[in-house]
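S.K.: Data file data-v6.txt (compact mmCIF, C-alpha atoms) is appended below.
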# COMPACT_ATOMS: atom_id res chain seq x y z
CA MET T 42 -42.65 242.95 123.60
CA MET T 43 -41.99 241.25 120.29
CA LYS T 44 -39.88 243.21 117.76
CA ALA T 45 -40.20 242.99 113.98
CA LEU T 46 -37.93 243.97 111.09
CA ILE T 47 -39.13 244.19 107.47
CA LEU T 48 -36.59 244.10 104.63
CA SER T 49 -37.69 245.37 101.23
CA SER T 50 -36.29 246.42 97.88
CA SER T 51 -38.56 249.47 97.74
CA PHE T 52 -40.43 251.90 99.94
CA PRO T 53 -44.13 250.90 100.27
CA TYR T 54 -45.68 254.38 99.99
CA PRO T 55 -47.43 255.68 98.00
CA VAL T 56 -49.33 252.44 97.50
CA ASP T 57 -49.42 252.52 93.69
CA VAL T 58 -48.49 248.96 92.66
CA GLY T 59 -49.67 245.55 93.83
CA ARG T 60 -46.55 244.53 95.76
CA LYS T 61 -46.73 247.73 97.80
CA VAL T 62 -50.31 246.83 98.74
CA ILE T 63 -49.06 243.63 100.37
CA ILE T 64 -45.98 245.08 102.06
CA SER T 65 -47.81 248.15 103.38
CA GLY T 66 -50.55 245.83 104.68
CA ILE T 67 -48.01 243.65 106.53
CA LEU T 68 -46.25 246.75 107.87
CA GLU T 69 -49.44 248.36 109.15
CA TYR T 70 -50.61 245.06 110.63
CA LEU T 71 -47.40 244.66 112.63
CA VAL T 72 -47.41 248.30 113.72
CA SER T 73 -51.01 247.96 114.94
CA ALA T 74 -50.20 244.73 116.77
CA LEU T 75 -46.76 245.53 118.21
CA GLY T 76 -46.61 249.33 118.35
CA ALA T 77 -44.60 251.62 116.07
CA GLU T 78 -41.63 251.57 118.43
CA ASN T 79 -41.24 247.80 117.93
CA VAL T 80 -41.29 247.73 114.12
CA THR T 81 -38.42 248.73 111.80
CA PHE T 82 -38.69 249.00 108.03
CA ALA T 83 -35.41 248.75 106.09
CA TYR T 84 -35.23 249.16 102.33
CA ILE T 85 -32.70 249.32 99.51
CA ALA T 86 -32.26 252.78 98.02
CA SER T 87 -30.52 253.77 94.81
CA PRO T 88 -28.29 256.88 95.06
CA SER T 89 -31.03 259.04 93.55
CA ASP T 90 -33.50 257.90 96.21
CA ILE T 91 -31.33 258.61 99.22
CA GLY T 92 -32.36 261.78 101.00
CA GLU T 93 -35.96 261.74 99.78
CA ASP T 94 -38.65 262.25 102.40
CA ARG T 95 -39.94 258.81 103.40
CA THR T 96 -42.82 258.86 105.87
CA ALA T 97 -43.98 255.56 107.33
CA PRO T 98 -45.82 254.52 110.51
CA CYS T 99 -42.59 253.23 112.09
CA ARG T 100 -38.82 253.67 112.08
CA VAL T 101 -37.32 253.67 108.56
CA VAL T 102 -33.72 252.67 107.75
CA VAL T 103 -32.08 253.10 104.33
CA LEU T 104 -29.74 250.39 103.04
CA PRO T 105 -27.43 252.11 100.52
CA LEU T 106 -26.45 250.43 97.27
CA ASP T 107 -22.85 249.99 96.15
CA GLY T 108 -21.64 251.78 93.05
CA LEU T 109 -22.92 250.69 89.66
CA GLY T 110 -19.60 249.17 88.53
CA ARG T 111 -19.41 246.76 91.45
CA ARG T 112 -23.02 245.68 90.99
CA LEU T 113 -22.58 245.14 87.24
CA GLY T 114 -19.50 243.04 87.90
CA GLY T 115 -21.39 240.91 90.42
CA ALA T 116 -24.28 240.46 88.01
CA ALA T 117 -21.96 239.35 85.19
CA TRP T 118 -20.03 236.90 87.40
CA GLN T 119 -22.82 235.39 89.51
CA GLY T 120 -25.53 235.53 86.84
CA GLY T 121 -23.96 235.41 83.40
CA ILE T 122 -20.97 233.14 84.13
CA ARG T 123 -21.69 231.08 87.26
CA ARG T 124 -25.50 231.26 86.82
CA ARG T 125 -26.03 231.10 90.55
CA ARG T 126 -27.94 234.34 91.11
CA ALA T 127 -30.46 236.20 89.00
CA LEU T 128 -29.83 239.63 87.53
CA GLN T 129 -32.48 241.17 89.75
CA GLU T 130 -30.67 239.79 92.81
CA MET T 131 -27.17 240.88 91.91
CA MET T 132 -28.17 244.35 90.74
CA LEU T 133 -29.53 244.88 94.26
CA TYR T 134 -26.64 243.28 96.15
CA SER T 135 -24.50 245.75 98.06
CA ARG T 136 -21.71 245.20 100.58
CA HIS T 137 -22.55 248.55 102.15
CA ALA T 138 -26.18 247.54 102.54
CA SER T 139 -25.22 244.13 103.94
CA ALA T 140 -22.92 245.70 106.55
CA ARG T 141 -25.62 248.23 107.47
CA LEU T 142 -28.12 245.41 107.88
CA ARG T 143 -25.81 243.39 110.13
CA ASP T 144 -25.41 246.43 112.39
CA LEU T 145 -29.17 246.93 112.38
CA MET T 146 -29.79 243.29 113.31
CA ARG T 147 -27.46 243.61 116.30
CA THR T 148 -29.15 246.84 117.40
CA VAL T 149 -32.78 245.81 116.94
CA CYS T 150 -32.49 242.11 117.88
CA PRO T 151 -35.76 241.31 116.09
CA ASP T 152 -37.93 238.34 117.01
CA LEU T 153 -39.50 238.37 113.55
CA VAL T 154 -37.91 239.22 110.19
CA VAL T 155 -40.12 239.63 107.11
CA VAL T 156 -38.25 239.62 103.80
CA ASP T 157 -39.79 241.08 100.64
CA THR T 158 -39.16 238.85 97.58
CA VAL T 159 -36.17 236.89 96.33
CA ARG T 160 -34.29 240.15 95.73
CA MET T 161 -33.86 240.64 99.47
CA ALA T 162 -33.54 236.98 100.44
CA GLN T 163 -29.79 237.15 99.81
CA TYR T 164 -29.42 239.71 102.60
CA ALA T 165 -31.36 237.58 105.04
CA GLU T 166 -29.24 234.54 104.13
CA ALA T 167 -25.99 236.47 104.58
CA CYS T 168 -27.07 237.89 107.95
CA ALA T 169 -28.15 234.52 109.36
CA VAL T 170 -31.73 235.60 109.79
CA GLY T 171 -32.75 232.04 110.65
CA ARG T 172 -32.33 232.65 114.39
CA PRO T 173 -35.40 234.84 114.77
CA GLN T 174 -38.62 233.76 113.09
CA SER T 175 -38.04 234.41 109.38
CA VAL T 176 -40.77 234.88 106.79
CA LEU T 177 -40.06 235.29 103.07
CA TYR T 178 -42.77 236.93 100.99
CA LEU T 179 -42.13 235.89 97.38
CA ASP T 180 -45.09 237.80 95.88
CA ASP T 181 -45.29 235.42 92.92
CA LEU T 182 -43.02 232.94 91.16
CA TYR T 183 -40.81 235.16 89.03
CA SER T 184 -39.60 232.07 87.15
CA LEU T 185 -43.18 231.41 86.05
CA ARG T 186 -43.81 235.07 85.24
CA TYR T 187 -40.78 235.22 82.94
CA ARG T 188 -41.79 232.04 81.10
CA ARG T 189 -45.23 233.52 80.55
CA MET T 190 -43.64 236.71 79.20
CA ILE T 191 -41.76 234.64 76.62
CA GLU T 192 -45.01 232.91 75.64
CA ALA T 193 -46.72 236.32 75.32
CA MET T 194 -43.91 237.56 73.04
CA ARG T 195 -44.50 234.60 70.74
CA ALA T 196 -48.29 234.99 70.76
CA TYR T 197 -48.23 238.80 70.36
CA PRO T 198 -45.13 239.71 68.33
CA GLU T 199 -46.54 243.21 67.79
CA ALA T 200 -46.73 243.92 71.54
CA ALA T 201 -44.03 246.16 73.04
CA LEU T 202 -42.94 244.25 76.13
CA ASP T 203 -40.41 245.76 78.53
CA PRO T 204 -39.35 243.02 80.97
CA LEU T 205 -37.73 245.51 83.35
CA GLY T 206 -40.74 247.45 84.59
CA THR T 207 -39.97 249.53 87.68
CA PHE T 208 -36.79 247.47 88.27
CA GLY T 209 -35.21 249.43 85.41
CA ARG T 210 -34.32 252.26 87.78
CA PHE T 211 -31.51 250.08 89.18
CA LEU T 212 -29.88 249.59 85.75
CA PRO T 213 -27.69 251.94 83.70
CA ALA T 214 -29.15 253.55 80.58
CA PHE T 215 -27.13 251.40 78.15
CA ALA T 216 -28.49 248.20 79.75
CA ARG T 217 -32.07 249.48 79.57
CA ASP T 218 -31.59 250.26 75.87
CA LEU T 219 -30.03 246.86 75.14
CA ILE T 220 -32.91 245.00 76.75
CA GLN T 221 -35.39 246.61 74.35
CA ALA T 222 -34.17 244.23 71.61
CA ARG T 223 -36.72 241.39 71.37
CA LEU T 224 -34.19 238.58 70.82
CA PHE T 225 -32.09 239.76 73.75
CA GLN T 226 -35.24 239.96 75.90
CA LYS T 227 -36.12 236.32 75.22
CA CYS T 228 -32.60 235.11 75.98
CA LEU T 229 -32.41 237.14 79.17
CA LEU T 230 -35.85 236.03 80.37
CA ALA T 231 -35.02 232.37 79.69
CA LEU T 232 -31.74 232.68 81.62
CA GLU T 233 -33.40 234.50 84.54
CA SER T 234 -36.28 232.03 84.65
CA GLY T 235 -33.95 229.03 84.94
CA ILE T 236 -31.83 230.62 87.67
CA LEU T 237 -34.86 231.78 89.62
CA GLU T 238 -36.54 228.40 89.45
CA ARG T 239 -33.53 226.91 91.23
CA ARG T 240 -33.37 229.77 93.73
CA GLU T 241 -37.09 229.56 94.52
CA ALA T 242 -36.75 225.83 95.24
CA GLU T 243 -33.84 226.49 97.66
CA LEU T 244 -35.46 229.25 99.71
CA PRO T 245 -38.07 227.28 101.68
CA TYR T 246 -35.17 225.54 103.46
CA ARG T 247 -33.65 228.87 104.53
CA PHE T 248 -36.77 230.50 106.00
CA ASP T 249 -39.38 229.41 108.49
CA SER T 250 -42.20 230.30 106.09
CA VAL T 251 -42.40 231.20 102.40
CA LEU T 252 -45.49 233.09 101.25
CA LEU T 253 -47.13 233.42 97.84
CA LEU T 254 -50.32 235.19 96.80
CA ASN T 255 -51.53 232.56 94.36
CA GLU T 256 -52.54 229.19 95.81
CA ALA T 257 -51.70 227.33 92.60
CA GLU T 258 -48.21 228.85 92.59
CA ALA T 259 -47.75 227.90 96.26
CA CYS T 260 -48.62 224.31 95.35
CA THR T 261 -46.17 224.46 92.43
CA LEU T 262 -43.32 225.64 94.66
CA ALA T 263 -44.15 223.09 97.36
CA ALA T 264 -43.99 220.32 94.74
CA ARG T 265 -40.73 221.61 93.24
CA SER T 266 -38.99 221.98 96.58
CA ASP T 267 -40.70 219.16 98.48
CA ALA T 268 -41.08 221.69 101.32
CA ILE T 269 -43.96 221.87 103.81
CA ASN T 270 -43.56 225.52 104.83
CA VAL T 271 -44.86 227.14 101.61
CA LYS T 272 -48.10 229.00 102.33
CA THR T 273 -50.61 231.28 100.68
CA ILE T 274 -51.10 234.81 102.00
CA LYS T 275 -53.99 237.07 101.12
CA PRO T 276 -53.59 240.85 100.93
CA LEU T 277 -54.76 242.86 103.91
CA LEU T 278 -56.64 245.59 102.07
CA ARG T 279 -56.95 248.46 104.48
CA VAL T 280 -56.54 251.18 101.85
CA HIS T 281 -60.00 251.07 100.30
CA CYS T 282 -62.05 254.24 100.29
CA HIS T 283 -65.63 254.36 101.42
CA ARG T 284 -67.68 252.15 99.12
CA LEU T 285 -70.59 253.91 97.42
CA PRO T 286 -73.75 252.07 96.39
CA ARG T 287 -73.75 251.03 92.74
CA ARG T 288 -75.52 253.60 90.55
CA PHE T 289 -75.14 252.02 87.12
CA GLU T 290 -77.75 253.36 84.69
CA GLY T 291 -76.85 251.53 81.48
CA ALA T 292 -74.19 253.79 79.93
CA PRO T 293 -71.42 251.83 78.08
CA THR T 294 -68.59 253.37 80.11
CA TYR T 295 -65.81 251.00 81.13
CA LEU T 296 -62.80 251.28 83.43
CA PHE T 297 -59.18 250.18 83.10
CA LEU T 298 -57.14 250.38 86.29
CA GLY T 299 -53.38 249.85 86.56
CA ASN T 300 -49.94 251.42 86.80
CA LEU T 301 -48.87 251.90 83.17
CA ARG T 302 -45.18 251.80 84.08
CA TYR T 303 -45.75 248.08 84.62
CA PRO T 304 -45.14 246.42 81.23
CA ALA T 305 -48.00 243.91 81.46
CA ASN T 306 -50.51 246.71 82.00
CA ALA T 307 -49.22 248.96 79.22
CA CYS T 308 -48.86 246.37 76.48
CA SER T 309 -52.16 244.66 77.38
CA LEU T 310 -54.05 247.95 77.27
CA SER T 311 -52.44 248.74 73.91
CA LEU T 312 -53.58 245.41 72.50
CA PHE T 313 -57.11 245.96 73.81
CA LEU T 314 -57.26 249.36 72.13
CA SER T 315 -56.12 247.94 68.78
CA GLN T 316 -57.88 244.57 68.78
CA ALA T 317 -61.08 245.02 70.82
CA MET T 318 -61.96 248.71 70.91
CA PRO T 319 -62.77 249.09 67.18
CA ALA T 320 -65.26 246.19 67.28
CA LEU T 321 -66.76 247.52 70.49
CA LEU T 322 -67.29 250.95 68.90
CA ARG T 323 -68.88 249.43 65.81
CA ALA T 324 -71.36 247.61 68.03
CA GLU T 325 -71.85 250.48 70.48
CA PRO T 326 -70.70 253.91 69.19
CA ARG T 327 -71.22 255.49 72.63
CA ALA T 328 -68.68 253.20 74.32
CA LYS T 329 -66.03 254.95 76.38
CA LEU T 330 -62.99 253.65 78.26
CA LEU T 331 -61.62 255.48 81.30
CA VAL T 332 -57.93 254.65 81.90
CA VAL T 333 -56.79 255.21 85.49
CA GLY T 334 -53.07 254.81 86.11
CA ARG T 335 -49.80 256.71 86.00
CA GLY T 336 -46.94 256.24 83.59
CA ALA T 337 -48.38 256.07 80.05
CA ASP T 338 -45.56 256.48 77.55
CA GLU T 339 -45.75 258.61 74.42
CA ARG T 340 -46.73 255.71 72.17
CA LEU T 341 -49.66 254.73 74.38
CA ARG T 342 -50.76 258.36 74.70
CA GLU T 343 -50.79 258.70 70.92
CA GLN T 344 -52.84 255.52 70.61
CA CYS T 345 -55.39 256.85 73.10
CA ALA T 346 -55.46 260.23 71.31
CA ARG T 347 -56.51 258.50 68.08
CA LEU T 348 -59.62 257.34 69.95
CA VAL T 349 -60.46 260.79 71.26
CA GLY T 350 -63.94 260.93 72.75
CA HIS T 351 -63.85 257.19 73.45
CA VAL T 352 -60.69 256.81 75.58
CA GLU T 353 -59.77 259.14 78.43
CA LEU T 354 -56.39 258.96 80.19
CA MET T 355 -57.11 260.02 83.78
CA ASP T 356 -53.66 259.41 85.31
CA PHE T 357 -53.93 258.96 89.11
CA VAL T 358 -57.35 259.20 90.78
CA GLU T 359 -57.40 259.72 94.55
CA ASP T 360 -60.92 258.40 95.15
CA LEU T 361 -62.05 255.56 92.89
CA ALA T 362 -65.44 255.12 94.57
CA PRO T 363 -67.47 257.36 92.18
CA LEU T 364 -66.01 255.64 89.10
CA MET T 365 -66.53 252.20 90.59
CA ALA T 366 -70.15 253.04 91.41
CA THR T 367 -71.15 254.14 87.91
CA ALA T 368 -69.00 252.27 85.34
CA ALA T 369 -70.48 249.30 83.51
CA ALA T 370 -67.44 247.05 84.03
CA MET T 371 -63.71 246.86 84.66
CA ILE T 372 -61.59 245.44 81.85
CA VAL T 373 -58.50 243.40 82.78
CA PRO T 374 -56.94 242.43 79.42
CA LEU T 375 -53.62 241.08 80.76
CA ILE T 376 -51.83 238.80 78.29
CA TYR T 377 -49.48 237.41 80.93
CA GLY T 378 -49.04 237.56 84.66
CA SER T 379 -48.71 235.67 87.89
CA GLY T 380 -49.74 236.13 91.50
CA VAL T 381 -53.05 237.89 92.20
CA LYS T 382 -54.02 241.22 90.61
CA MET T 383 -54.95 243.92 93.12
CA LYS T 384 -57.15 245.67 90.56
CA VAL T 385 -59.35 242.56 90.44
CA LEU T 386 -59.75 242.67 94.22
CA ASP T 387 -60.59 246.38 93.93
CA GLY T 388 -63.33 245.51 91.45
CA LEU T 389 -64.73 242.79 93.70
CA TYR T 390 -64.72 245.10 96.72
CA TYR T 391 -66.62 247.84 94.92
CA GLY T 392 -68.95 245.40 93.18
CA LEU T 393 -67.82 246.47 89.72
CA PRO T 394 -68.34 243.63 87.21
CA ILE T 395 -65.07 242.40 85.72
CA VAL T 396 -64.26 241.19 82.21
CA SER T 397 -60.81 239.62 82.20
CA THR T 398 -58.44 237.35 80.38
CA PRO T 399 -57.54 234.11 82.24
CA SER T 400 -54.21 235.73 83.21
CA GLY T 401 -55.99 238.69 84.79
CA ILE T 402 -58.32 236.64 86.99
CA ASP T 403 -55.69 234.02 87.91
CA GLY T 404 -55.53 233.26 91.63
CA VAL T 405 -59.10 234.43 92.35
CA THR T 406 -61.93 231.90 92.67
CA ALA T 407 -64.32 233.90 90.52
CA VAL T 408 -66.64 231.92 88.23
CA ASP T 409 -67.17 232.93 84.61
CA GLY T 410 -70.70 234.30 84.24
CA SER T 411 -71.20 234.72 87.99
CA GLU T 412 -68.64 237.07 89.63
CA CYS T 413 -66.91 237.93 86.35
CA PHE T 414 -66.71 237.19 82.64
CA ILE T 415 -63.59 235.60 81.14
CA ALA T 416 -62.47 236.50 77.62
CA LYS T 417 -60.02 234.12 75.93
CA ASP T 418 -58.63 236.86 73.67
CA MET T 419 -59.12 240.57 72.92
CA PRO T 420 -62.04 240.25 70.45
CA SER T 421 -63.86 238.11 73.03
CA PHE T 422 -64.18 241.13 75.33
CA VAL T 423 -66.81 242.77 73.15
CA GLU T 424 -69.76 240.44 73.79
CA PRO T 425 -69.65 240.45 77.64
CA LEU T 426 -68.99 244.20 77.73
CA LEU T 427 -72.14 244.76 75.71
CA ARG T 428 -74.13 242.30 77.83
CA LEU T 429 -73.15 244.12 81.01
CA CYS T 430 -75.00 247.22 79.81
CA ASP T 431 -78.13 245.34 80.87
CA ILE T 432 -78.89 246.84 84.29
CA ASP T 433 -80.39 243.65 85.78
CA LEU T 434 -77.46 241.45 84.72
CA ASN T 435 -75.01 244.08 85.88
CA GLU T 436 -76.66 244.20 89.29
CA ARG T 437 -76.54 240.40 89.70
CA VAL T 438 -72.85 240.20 88.78
CA SER T 439 -72.12 243.14 91.08
CA ALA T 440 -73.80 241.45 94.04
CA ASN T 441 -71.92 238.21 93.37
CA ALA T 442 -68.61 240.09 93.21
CA ARG T 443 -69.19 241.80 96.56
CA GLY T 444 -70.16 238.44 98.06
CA LEU T 445 -66.93 236.82 96.87
CA TYR T 446 -64.88 239.66 98.32
CA ALA T 447 -66.66 239.41 101.68
CA LYS T 448 -66.10 235.65 101.79
CA GLU T 449 -62.47 235.53 100.65
CA PHE T 450 -60.73 238.90 101.05
CA ALA T 451 -62.44 241.06 103.68
CA PRO T 452 -59.97 242.18 106.40
CA GLU T 453 -61.98 240.35 109.07
CA VAL T 454 -61.33 237.12 107.16
CA VAL T 455 -57.66 237.77 106.41
CA LEU T 456 -56.67 238.84 109.94
CA GLY T 457 -56.87 235.31 111.28
CA GLN T 458 -54.44 234.15 108.60
CA TYR T 459 -51.98 236.92 109.50
CA ALA T 460 -52.13 235.98 113.17
CA GLU T 461 -51.16 232.43 112.26
CA ILE T 462 -48.37 233.45 109.87
CA PHE T 463 -46.74 236.15 112.01
CA GLY T 464 -47.61 234.83 115.47
CA VAL T 465 -49.34 238.04 116.60
CA SER T 466 -52.78 238.21 118.21
CA THR T 467 -55.40 240.14 116.24
CA ARG T 468 -57.89 240.87 119.03
CA ALA T 469 -56.72 244.40 119.73
CA ILE T 470 -56.33 245.46 116.11
CA GLU T 471 -59.43 244.06 114.41
CA PRO T 472 -61.40 247.35 114.65
CA ALA T 473 -58.62 249.23 112.82
CA PHE T 474 -58.83 246.89 109.84
CA ALA T 475 -62.57 246.29 109.71
CA SER T 476 -64.25 246.80 106.33
CA ARG T 477 -65.69 250.24 105.82
Take the structure in the file and give it back as structure tokens.
M.R.:
Amino acid sequence: MMKALILSSSFPYPVDVGRKVIISGILEYLVSALGAENVTFAYIASPSDIGEDRTAPCRVVVLPLDGLGRRLGGAAWQGGIRRRRALQEMMLYSRHASARLRDLMRTVCPDLVVVDTVRMAQYAEACAVGRPQSVLYLDDLYSLRYRRMIEAMRAYPEAALDPLGTFGRFLPAFARDLIQARLFQKCLLALESGILERREAELPYRFDSVLLLNEAEACTLAARSDAINVKTIKPLLRVHCHRLPRRFEGAPTYLFLGNLRYPANACSLSLFLSQAMPALLRAEPRAKLLVVGRGADERLREQCARLVGHVELMDFVEDLAPLMATAAAMIVPLIYGSGVKMKVLDGLYYGLPIVSTPSGIDGVTAVDGSECFIAKDMPSFVEPLLRLCDIDLNERVSANARGLYAKEFAPEVVLGQYAEIFGVSTRAIEPAFASR
């Protein structure tokens, strides 16, 4: 029986950010196809994470990080001086983890190795993963994401952008504080973007397949690298709850969905509240925004509190189906981004009309005025949000959204792609992933 090993920089459960959606989907696909005994999940753990209860549907192995001093030294030498590796790579490089992985490779003897993003590619390269089938999941082009962050800083100087996001847990406190300075952020992002662009172009020649969520980004990488093994992968969305019939009755209640620890979500929501919400309330005083997502900082909480009665912070919601069935629309006001946004796919699945910036809808073949509405800036959200209070229009957009999901992203559609990418038959596992 075929054996698979997945290497990641984080544990995929709970599934609370987009990258975990993809990795947990790949993991569960391989477990369903090969059996739990033939799949191993190995991930990098910071010292504070080691010892935590990690439950997964297969064997889990922890790859321990080296001490902070050694990692900082490697980041300064390889990134700042030699400019060969990005900060996010070197802050996750560990000799202890590399040695543990080599032992694991000898023990497991995997036929397939799936590597999660450029951060873990260095381990696969060092351990000569090319002998088994090797698949690198890049998620999105980080080089492109960082350039877009710089553009967003210029366009929205008032926005508080933290380029670290959840990666900040791997850095010392003084480094996290230093990176809050806007000038330093721009310099760091420019340096990281240049290094990563070179690294991304090298990687297709070191893996059998390289996967990206966004088709346009896959074409960009293929052109940069002149490689023929760059492919697009769609998320295998098994985690959706039971979908309720739409019960929209005309109330101007809107939904924002996203982890607020992720900088793009937090700063984009803040801009929407300051630049779009006042005009929306002038036009429709009953308007209300429900914000679903963990991690709002004190500044964002204060901003929401000033709109009491019109903005409700709901933190994490276990079952989104009732909200998706009754809200007028989902707002996706992202001012930068790359890849494909899982919240947009959630909206399509549930048939909730979406109003988004171009960055939010990027990578999805939704048509403005059909499956969604596209707003070029924050004030442009107001008009489509008001229009979607019309029950007939709302119903048409909802039906179109569900149709697009069924055509492009339903598990029955995606399974065939996974069989081709990973070389595993889907016949026995299709019922487990069928849409509910």
S.K.: Taking all atoms listed in the file into account, which of T:Phe313, T:Phe248, T:Tyr197, T:Phe414 comes nearest Val352 in chain T?
M.R.: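 Checking each candidate against Val352 in chain T, we get T:Phe313 as the closest.
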S.K.: Range 426-441 of chain T, all listed atoms, 4 Å padding on each side: what axis-aligned box centre and edge lengths in Å to one decimal come out, as lines of an AutoDock Vina configuration file?
M.R.:
center_x = -74.7
center_y = 242.7
center_z = 84.9
size_x = 19.4
size_y = 17.0
size_z = 26.3
S.K.: Counting all atoms listed in the file, which of T:Val408, T:Leu262, T:Met194, T:Ala440 gets nearest to Pro286 in chain T?
M.R.: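 Once distances to Pro286 in chain T are computed over all atoms listed in the file, the minimum belongs to T:Ala440.
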S.K.: Using only C-alpha atoms, which of T:Phe52, T:Phe422, T:Tyr183, T:Phe450 sits nearest Ala317 in chain T?
M.R.: T:Phe422
S.K.: Would you kindly return, as a ChimeraX atom specification, each protein, DNA or RNA residue with an atom no farther than 9 Å from any atom of Arg189 in chain T, considering all atoms listed in the file and excluding same-chain residues fewer than 4 positions away?
M.R.: /T:184-185,193-194,376-379
